[in-house]
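Chemist: For reference, this is target-v4.txt, and it has compact mmCIF, C-alpha atoms.
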```
# COMPACT_ATOMS: atom_id res chain seq x y z
CA MET A 5 95.44 70.10 167.74
CA ASN A 6 93.51 67.33 166.01
CA ILE A 7 90.11 68.17 164.58
CA GLN A 8 87.92 65.15 163.98
CA ASN A 9 84.30 64.91 165.01
CA ASN A 10 80.82 64.65 163.56
CA SER A 11 80.02 68.32 164.13
CA VAL A 12 82.25 69.62 161.31
CA PRO A 13 81.83 69.04 157.57
CA ASN A 14 83.70 66.33 155.74
CA ILE A 15 86.05 67.68 153.09
CA ALA A 16 86.83 66.16 149.69
CA VAL A 17 90.46 66.57 148.65
CA VAL A 18 90.93 66.16 144.88
CA ILE A 19 94.49 65.41 143.73
CA THR A 20 95.18 65.64 140.01
CA THR A 21 97.93 63.28 138.85
CA TYR A 22 99.62 61.89 135.78
CA ASN A 23 102.50 59.38 135.76
CA ASN A 24 104.52 60.75 138.68
CA PRO A 25 104.20 58.18 141.49
CA LYS A 26 107.28 59.51 143.32
CA SER A 27 105.78 62.97 143.80
CA LEU A 28 102.31 61.57 144.40
CA GLU A 29 103.65 59.43 147.24
CA LEU A 30 105.15 62.47 148.99
CA CYS A 31 101.93 64.40 148.50
CA LEU A 32 99.81 61.60 149.94
CA LEU A 33 102.16 61.02 152.87
CA SER A 34 101.90 64.69 153.79
CA PHE A 35 98.19 64.09 154.42
CA THR A 36 98.89 61.45 157.06
CA ASN A 37 99.77 63.93 159.83
CA GLN A 38 97.15 66.59 159.14
CA THR A 39 95.59 68.26 162.17
CA PHE A 40 92.17 68.21 160.50
CA LYS A 41 91.06 64.61 160.05
CA ASN A 42 87.61 64.86 158.45
CA PHE A 43 88.60 64.46 154.82
CA ASP A 44 88.53 61.90 152.03
CA ILE A 45 90.96 61.88 149.11
CA PHE A 46 89.84 61.54 145.49
CA ILE A 47 92.66 61.03 143.00
CA ALA A 48 91.87 62.40 139.53
CA ASP A 49 94.19 60.28 137.41
CA ASP A 50 94.65 61.54 133.85
CA GLY A 51 95.75 58.16 132.47
CA SER A 52 98.73 57.07 134.60
CA GLY A 53 100.25 53.60 134.29
CA ASP A 54 100.35 50.64 136.65
CA GLU A 55 103.03 52.12 138.92
CA THR A 56 100.65 54.84 140.08
CA ARG A 57 97.85 52.33 140.65
CA ASP A 58 100.16 50.07 142.68
CA LEU A 59 101.35 53.00 144.80
CA ILE A 60 97.77 53.98 145.65
CA LEU A 61 96.86 50.40 146.57
CA ARG A 62 99.92 50.17 148.83
CA LEU A 63 99.21 53.45 150.64
CA LYS A 64 95.58 52.44 151.13
CA ARG A 65 96.92 49.39 153.00
CA GLU A 66 99.70 51.14 154.92
CA THR A 67 97.96 54.37 155.99
CA ASP A 68 94.65 55.42 157.51
CA LEU A 69 93.83 57.60 154.51
CA THR A 70 90.52 57.10 152.73
CA ILE A 71 91.48 57.18 149.05
CA TYR A 72 89.31 56.85 145.95
CA HIS A 73 91.14 56.39 142.65
CA ILE A 74 89.32 57.67 139.55
CA TRP A 75 91.13 56.96 136.26
CA HIS A 76 90.56 57.38 132.56
CA PRO A 77 92.73 56.34 129.59
CA ASP A 78 95.68 58.46 128.52
CA GLN A 79 94.52 60.47 125.52
CA GLY A 80 96.63 63.56 126.04
CA TYR A 81 96.26 66.36 128.58
CA ARG A 82 92.71 66.10 129.93
CA LYS A 83 92.87 67.59 133.42
CA SER A 84 89.49 69.29 133.03
CA LYS A 85 87.74 66.08 132.01
CA ILE A 86 89.16 63.83 134.73
CA ASN A 87 88.47 66.43 137.42
CA ASN A 88 84.88 66.76 136.25
CA ASN A 89 84.58 62.96 136.36
CA VAL A 90 85.65 63.14 140.01
CA PHE A 91 83.36 66.07 140.84
CA ARG A 92 80.38 64.05 139.61
CA GLN A 93 81.20 61.34 142.14
CA ILE A 94 81.41 63.73 145.09
CA ASP A 95 78.10 64.17 146.91
CA PRO A 96 77.82 67.85 147.98
CA SER A 97 75.65 66.85 150.93
CA LYS A 98 78.47 64.67 152.27
CA HIS A 99 81.41 66.79 151.11
CA PRO A 100 80.27 70.44 151.03
CA ILE A 101 83.86 71.71 150.67
CA ILE A 102 86.31 70.60 147.99
CA ILE A 103 90.07 71.23 148.15
CA CYS A 104 92.01 70.89 144.88
CA VAL A 105 95.74 70.18 144.75
CA ASP A 106 98.23 68.72 142.28
CA HIS A 107 100.35 65.60 142.82
CA ASP A 108 103.62 67.57 142.80
CA VAL A 109 103.16 69.40 146.11
CA VAL A 110 103.88 68.62 149.76
CA LEU A 111 101.32 70.01 152.21
CA HIS A 112 101.93 71.73 155.53
CA TYR A 113 100.57 69.62 158.37
CA ARG A 114 97.85 72.26 158.99
CA PHE A 115 96.95 72.60 155.31
CA VAL A 116 93.50 70.99 155.45
CA GLU A 117 92.72 72.75 158.73
CA ASP A 118 93.55 76.12 157.17
CA HIS A 119 91.22 75.57 154.24
CA PHE A 120 88.50 74.42 156.62
CA ARG A 121 88.94 77.50 158.81
CA ALA A 122 88.78 79.78 155.75
CA HIS A 123 85.27 78.46 155.08
CA GLN A 124 84.35 78.35 158.76
CA ARG A 125 85.26 82.03 159.06
CA GLU A 126 82.57 82.82 156.48
CA LYS A 127 80.10 80.56 158.29
CA PHE A 128 80.27 78.07 155.41
CA GLN A 129 78.59 80.45 153.00
CA PRO A 130 79.43 80.00 149.27
CA LEU A 131 83.13 80.72 148.94
CA MET A 132 86.37 80.12 147.08
CA PHE A 133 89.62 80.36 149.05
CA MET A 134 92.96 80.59 147.24
CA GLY A 135 96.38 79.73 148.63
CA ARG A 136 99.92 80.02 147.31
CA ARG A 137 103.02 77.83 147.30
CA VAL A 138 106.79 77.76 147.72
CA ASP A 139 108.69 76.67 144.59
CA LEU A 140 111.45 74.32 145.70
CA SER A 141 114.68 74.22 143.73
CA GLU A 142 115.76 71.14 141.81
CA ALA A 143 118.55 70.47 144.31
CA PHE A 144 116.34 70.86 147.37
CA THR A 145 113.56 68.74 145.88
CA LYS A 146 116.00 65.82 145.73
CA THR A 147 116.40 65.98 149.53
CA VAL A 148 112.68 65.45 150.24
CA ASN A 149 111.76 61.78 150.50
CA ALA A 150 109.29 59.38 152.09
CA GLU A 151 111.45 59.08 155.22
CA ASN A 152 111.66 62.80 156.03
CA VAL A 153 108.53 64.31 154.48
CA LEU A 154 106.62 64.31 157.80
CA GLN A 155 109.41 66.33 159.39
CA PHE A 156 109.73 68.62 156.38
CA ASN A 157 106.03 69.51 156.30
CA LYS A 158 106.16 71.07 159.77
CA GLY A 159 107.33 74.41 158.34
CA LEU A 160 110.47 76.39 157.51
CA THR A 161 113.66 74.43 158.13
CA PHE A 162 117.21 75.77 158.32
CA ASP A 163 118.22 73.96 155.12
CA LEU A 164 115.17 75.31 153.28
CA LEU A 165 115.94 78.83 154.49
CA LYS A 166 119.48 78.49 153.13
CA SER A 167 118.08 77.35 149.80
CA GLY A 168 115.84 80.39 149.72
CA LEU A 169 118.54 82.87 150.71
CA SER A 170 120.78 81.50 147.96
CA GLY A 171 118.06 82.24 145.41
CA ASP A 172 117.44 78.60 144.47
CA THR A 173 114.07 78.12 146.18
CA LYS A 174 111.52 80.81 145.35
CA ASN A 175 109.23 82.56 147.86
CA VAL A 176 110.77 80.62 150.75
CA MET A 177 109.21 82.85 153.44
CA ARG A 178 105.80 81.60 152.42
CA SER A 179 106.84 78.50 154.37
CA VAL A 180 106.16 80.46 157.57
CA ARG A 181 102.52 79.86 158.42
CA LEU A 182 100.81 83.03 159.64
CA ASP A 183 97.24 83.70 160.70
CA PRO A 184 97.18 87.27 162.04
CA PRO A 185 94.19 89.67 162.02
CA ASP A 186 93.13 90.96 158.60
CA TRP A 187 94.63 94.41 159.11
CA VAL A 188 98.03 92.86 159.80
CA LEU A 189 97.76 90.72 156.67
CA LYS A 190 96.99 93.82 154.65
CA LEU A 191 99.91 95.69 156.19
CA MET A 192 102.21 92.78 155.35
CA LYS A 193 100.72 92.54 151.83
CA ARG A 194 99.88 88.90 152.45
CA ASP A 195 96.26 89.31 151.40
CA ARG A 196 97.07 90.03 147.74
CA VAL A 197 95.99 86.82 146.07
CA LEU A 198 94.27 87.90 142.89
CA ASP A 199 94.14 84.76 140.81
CA LEU A 200 93.62 81.03 141.09
CA LEU A 201 96.48 78.59 141.56
CA GLY A 202 95.17 75.19 140.53
CA SER A 203 97.34 73.36 143.06
CA ASN A 204 95.98 75.23 146.07
CA PHE A 205 92.37 76.28 146.33
CA SER A 206 89.15 75.23 148.01
CA ILE A 207 85.62 75.86 146.90
CA SER A 208 82.11 75.22 148.14
CA ALA A 209 80.73 72.22 146.27
CA SER A 210 77.57 74.18 145.53
CA VAL A 211 79.59 76.93 143.84
CA LEU A 212 81.57 74.41 141.81
CA HIS A 213 78.36 72.90 140.46
CA ASP A 214 76.76 76.31 139.84
CA VAL A 215 79.63 77.32 137.54
CA ASN A 216 79.73 73.77 136.08
CA GLY A 217 83.22 72.70 137.12
CA TYR A 218 86.15 72.83 134.74
CA ASN A 219 85.69 73.82 131.11
CA GLU A 220 86.65 70.81 129.01
CA ASP A 221 87.25 73.04 125.98
CA PHE A 222 90.64 73.61 127.62
CA ASN A 223 92.13 70.30 126.50
CA SER A 224 95.84 71.08 126.56
CA TYR A 225 98.09 72.56 129.22
CA TRP A 226 97.17 75.90 130.84
CA GLY A 227 94.11 78.08 131.17
CA GLU A 228 91.58 75.77 132.81
CA ASP A 229 92.18 77.16 136.31
CA GLY A 230 91.90 80.78 135.15
CA ASP A 231 88.70 79.96 133.29
CA LEU A 232 87.20 78.56 136.50
CA PHE A 233 88.32 81.64 138.43
CA VAL A 234 86.63 84.01 135.97
CA ARG A 235 83.31 82.21 136.29
CA VAL A 236 83.44 82.22 140.09
CA ARG A 237 84.38 85.91 140.08
CA ASN A 238 81.51 86.77 137.74
CA SER A 239 79.01 84.78 139.79
CA GLY A 240 79.36 87.20 142.70
CA VAL A 241 80.58 84.53 145.13
CA LYS A 242 83.11 85.73 147.69
CA PHE A 243 86.70 84.77 146.94
CA TYR A 244 89.85 85.65 148.81
CA GLY A 245 93.27 84.31 149.65
CA LYS A 246 96.22 84.54 152.01
CA ILE A 247 99.96 84.15 151.57
CA GLY A 248 101.57 82.02 154.28
CA TYR A 249 98.34 80.18 155.03
CA ALA A 250 97.41 76.72 153.71
CA VAL A 251 101.12 76.38 153.01
CA GLN A 252 102.39 74.03 150.33
CA TRP A 253 105.75 73.32 148.72
CA HIS A 254 105.99 72.64 144.99
CA LEU A 255 108.41 69.90 144.01
CA TYR A 256 110.66 70.90 141.13
CA HIS A 257 110.05 69.56 137.62
CA LYS A 258 110.32 70.86 134.09
CA ARG A 259 107.19 72.77 133.21
CA LEU A 260 104.95 72.29 130.22
CA GLU A 261 104.40 75.28 127.96
CA GLU A 262 101.03 76.88 127.39
CA THR A 263 99.63 77.15 123.87
CA PRO A 264 98.99 80.55 122.20
CA GLU A 265 95.40 79.46 121.57
CA HIS A 266 94.71 78.98 125.27
CA ILE A 267 96.36 82.28 126.16
CA GLU A 268 94.06 84.07 123.73
CA MET A 269 91.02 82.17 125.06
CA TYR A 270 91.83 83.23 128.61
CA ARG A 271 92.52 86.87 127.74
CA ALA A 272 89.17 87.07 126.02
CA LEU A 273 87.45 85.59 129.06
CA LEU A 274 88.92 88.14 131.48
CA GLY A 275 86.86 90.92 129.96
CA ASN A 276 83.64 88.93 129.75
CA ASN A 277 81.73 89.74 132.93
CA GLU A 278 78.68 87.76 131.79
CA TYR A 279 80.50 84.43 131.66
CA LYS A 280 79.28 82.55 134.73
CA ARG A 281 78.85 78.97 133.58
CA CYS A 282 80.65 76.91 130.95
CA LYS A 283 78.75 74.62 128.58
CA ASN A 284 81.21 71.74 128.47
CA GLY A 285 81.69 71.00 132.16
CA ILE A 286 80.27 68.70 134.84
CA THR A 287 77.07 68.70 132.83
CA LYS A 288 76.87 69.21 129.08
CA ALA A 289 74.80 71.80 127.29
```
Take the structure in the file and write it out as structure tokens.

Modeler:
Amino acid sequence: MNIQNNSVPNIAVVITTYNNPKSLELCLLSFTNQTFKNFDIFIADDGSGDETRDLILRLKRETDLTIYHIWHPDQGYRKSKINNNVFRQIDPSKHPIIICVDHDVVLHYRFVEDHFRAHQREKFQPLMFMGRRVDLSEAFTKTVNAENVLQFNKGLTFDLLKSGLSGDTKNVMRSVRLDPPDWVLKLMKRDRVLDLLGSNFSISASVLHDVNGYNEDFNSYWGEDGDLFVRVRNSGVKFYGKIGYAVQWHLYHKRLEETPEHIEMYRALLGNNEYKRCKNGITKA
């Protein structure tokens, strides 16, 4: 099923990246066989070098993807700032839904369709939809490449299942895309998505602007996604998620470590039900 016509909204896909052109290439290629075609890609580049720029220019020539590359200089971890720079350039009247992902994921070929249908189900009322991911092992990640990624992103493969059964790949059964009735999801405990994963969520553009985007006070790794979630939660906007829907696979890499200061900031925010809009976001106080 291919969905592309003028009667459905155009979606903005925002990909956050920093100096990992190999993973970014796999991520971008996994958008080339999406069933839902009405989307544009905005790359939020937190100061990558020339190799990333050259990759994007090449894929703009070699694929049918519409890609906008927004870059700022490398001055440390500034995900919140570069994403807000991108959000300012997205016209909510043209792109009423925004999907956010990271560069280190491969998307199921129905990924964009699933996010679209999550908003369609609510008749495009203000909404945030949250997905999950499969964490690929280091060994399995090495087997995914530009030549096979469009076969890999069709769903659970035998080799991936083996990796999961061995304990290397985590949450491998999330690779099985499911869209049953709500009562079945609840019975299967696949509706228990209680927090925001920054690599897999979509949000109404109007909601994103109402809460003022990412909080740029989070200027080192961790906490910016949770801060956004708290503000959306407090605003009274509907949010929900599904496991095994809007499927994505996370490519293995060594993780950064969060700072104690950001952990304390986030813990304090969780209990603040009045916090609905940050000051240092898309617009400044």

Chemist: Can you check which parts of segment 9-90 of chain A lie within 10 Å of segment 138-152 of chain A? Per residue, the shortest pair of atoms and distance in Å to one decimal, counting all atoms listed in the file, sorted by chain and number, as CSV.

Modeler:
```
residue,atom,partner,partner_atom,distance
A:Lys26,CA,A:Asn149,CA,8.8
A:Ser27,CA,A:Asn149,CA,9.1
A:Glu29,CA,A:Ala150,CA,7.4
A:Leu30,CA,A:Ala150,CA,6.0
A:Cys31,CA,A:Ala150,CA,9.6
A:Leu32,CA,A:Ala150,CA,10.0
A:Leu33,CA,A:Ala150,CA,7.4
A:Ser34,CA,A:Ala150,CA,9.3
```

Chemist: Give the centre and edge lengths of an axis-aligned box, in Å to one decimal, that holds all listed atoms of segment 264-269 of chain A with 3 Å on each side, as JSON.

Modeler:
```
{"center_x": 95.0, "center_y": 81.5, "center_z": 123.9, "size_x": 14.0, "size_y": 11.1, "size_z": 10.6}
```

Chemist: Please determine, counting only C-alpha atoms, which residue among A:Leu232, A:Leu260, A:Leu164, A:Ile101 has the shortest atom-to-atom distance to Val12 of chain A.

Modeler: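 Under the stated criterion, the closest residue is A:Ile101.
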
Chemist: Just the number, please: distance in Å from atom CA of Lys283 of chain A to atom CA of Val197 of chain A, one decimal.

Modeler: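 Result for atom CA of Lys283 of chain A versus atom CA of Val197 of chain A: 27.4 Å, one decimal.
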
Chemist: Would you mind reading off the distance between atom CA of Phe35 of chain A and atom CA of Ile71 of chain A, one decimal, in Å?

Modeler: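 Going from atom CA of Phe35 of chain A over to atom CA of Ile71 of chain A covers 11.0 Å.
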
Chemist: Rounded to one decimal, what separation in Å do you get between atom CA of Arg137 of chain A and atom CA of Thr21 of chain A?

Modeler: 17.6 Å

Chemist: Would you mind telling me which residue in A:Arg92, A:Leu182, A:Ile207, A:Leu131 lies nearest to Thr287 of chain A when using all atoms listed in the file?

Modeler: A:Arg92

Chemist: Which is closer to Asp214 of chain A than all the others in A:Leu191, A:Val241, A:Ile86, A:Leu160, using only C-alpha atoms?

Modeler: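 Ranking A:Leu191, A:Val241, A:Ile86, A:Leu160 by distance to Asp214 of chain A, first place goes to A:Val241.
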
Chemist: Have a look at A:Asp231, A:Asp49, A:Asp183, A:Asp199 and name the one nearest to Asn89 of chain A; count all atoms listed in the file.

Modeler: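 Of the candidates, the smallest distance to Asn89 of chain A is held by A:Asp49.
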
Chemist: Between A:Gly245, A:Glu228, A:Val153, A:Thr161, single out the one closest to Leu198 of chain A, counting all atoms listed in the file.

Modeler: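 Closest residue, counting all atoms listed in the file: A:Gly245.
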
Chemist: Ranking A:Gly159, A:Gly217, A:Gly248, A:Gly135 by minimum distance to Asn175 of chain A and counting all atoms listed in the file, which one comes first?

Modeler: A:Gly248

Chemist: Dig up all the protein and nucleic acid residues within 9 Å of (95.3, 71.9, 159.7) in the file frame, using only C-alpha atoms, and format them as a PyMOL selection string.

Modeler: chain A and resi 5-7+38-41+112-121+250

Chemist: Just the residues within 10 Å of Ser206 of chain A, please, counting only C-alpha atoms, with nothing from its chain fewer than 5 positions along; format it as number ranges by chain.

Modeler: A: 15-18, 101-105, 116, 119-120, 122-123, 131-135, 212, 243
